[in-house]
Amino acid sequence: MPAKLLATHRVEKPWGRRRLWGPFPDAPADGEPVGEIWFQAPGDSTPDLLIKYLFTSEKLSVQVHPDDAQAQARGLTRGKDECWLILGAEPDSTIAAGTKRPVDAETLRAAALDGSIEALLDWKPVKAGDFLYAASGTVHAIGAGITLIEVQQNSETTYRLYDYGRPRALHLDDGVAVSDARPYVPYASPGKVEEGRSILVEGPKFVLERLGGGDRTLALPEGLTAWLIPVVGSGEADGTEFKAGECLALTGTVRLVAEDHADLLLAYPGAQRLGD
């Protein structure tokens, strides 16, 4: 089938929340907080991209990811570029992306060890609707009180530089080696390309489109899988019903029909948007 509804996985995290967002049912009062919800096709554990919702009640660790070449030099499949669409945030919520000034490896390592790395980072206030792209090598940390959708290269290779004194291992040698510790440069999203269609990301590792409601046909090249993430509203993809909080894998030519008020994300690997 060209449209397949993916399985939903709730991932418990100590920094997660019991009260979730929008269409997602809250975690039981006697259960562990939920930090992530992600999606996977049966039998496919290594797709090119991974889609997640994140729900934070505490700051996540200061971390960095390798690029493709650095990851492959270690025998890994790929590096990790990622991006975040903010769905909700407390008034004082922030995300750290990049450093306030260029920082050399020795200084970065020392700051990670003594905790002063927090002051080196550029903590940016965020609100619903904000969008950030974090290329591999970007030193970053997601703050507390945030709900977001994360679209990423499918790699869980994370080098933790600092964790606020929590009893988890750090990866200073690897992390410092791949860090590009300098001020963050916002991604230049192409924006609106036609009515009801905007491009948030156009490469180099993946494309992320934002689609409105209505009736359209998506023609995907042979061998390409795209992920449809309905943020608001419901509809059908080749007869497969979907609603907010779900995710579908699409292949081939797909007729997409969504409610007029729908807000949809469409992600697929590559550096060029469909139709170009």
# chains A, B, ... in the order shown; residues from 1 in each chain; ligands from 1
$ residues_around --residues "Ala89 in chain A" --least-positions-apart "2" --cutoff "10 Å" --atoms "only C-alpha atoms" --output "PyMOL selection string"
chain A and resi 55-56+86-87+91-94+125-130+143-148
$ residues_around --residues "Pro186 in chain A" --least-positions-apart "5" --cutoff "12 Å" --atoms "only C-alpha atoms" --output "list in words"
Cys83, Ala97, Gly98, Lys124, Asp130, Phe131, Leu132, Tyr133, Ala134, Ala135, Thr138, Leu200 and Val201 of chain A
$ closest_residue --among "A:Gly245, A:Pro221, A:Gly270, A:Pro25" --to "Lys52 in chain A" --atoms "only C-alpha atoms"
A:Gly245
$ closest_residue --among "A:Ala71, A:Leu54, A:Leu256, A:Ala27" --to "Ala177 in chain A" --atoms "only C-alpha atoms"
A:Ala71
$ select_by_dssp --residues "range 33-86 of chain A" --states "helix (DSSP H, G or I)" --output "NGL selection string"
:A and (68-73)
$ write_last_selection --atoms "N, CA, C and O atoms" --output "compact mmCIF listing (two decimals), in the first residue's frame"
# COMPACT_ATOMS: atom_id res chain seq x y z
N ASP A 68 27.64 12.87 8.81
CA ASP A 68 27.68 11.56 8.15
C ASP A 68 29.10 10.99 8.11
O ASP A 68 29.34 9.82 8.42
N ALA A 69 30.06 11.83 7.69
CA ALA A 69 31.43 11.34 7.55
C ALA A 69 32.00 10.91 8.90
O ALA A 69 32.67 9.88 9.01
N GLN A 70 31.75 11.71 9.94
CA GLN A 70 32.25 11.37 11.27
C GLN A 70 31.61 10.10 11.79
O GLN A 70 32.28 9.26 12.41
N ALA A 71 30.32 9.94 11.55
CA ALA A 71 29.63 8.73 12.00
C ALA A 71 30.13 7.50 11.25
O ALA A 71 30.40 6.45 11.85
N GLN A 72 30.27 7.62 9.94
CA GLN A 72 30.69 6.47 9.14
C GLN A 72 32.13 6.07 9.43
O GLN A 72 32.48 4.89 9.33
N ALA A 73 32.94 7.01 9.87
CA ALA A 73 34.30 6.69 10.28
C ALA A 73 34.32 5.81 11.53
O ALA A 73 35.30 5.11 11.79
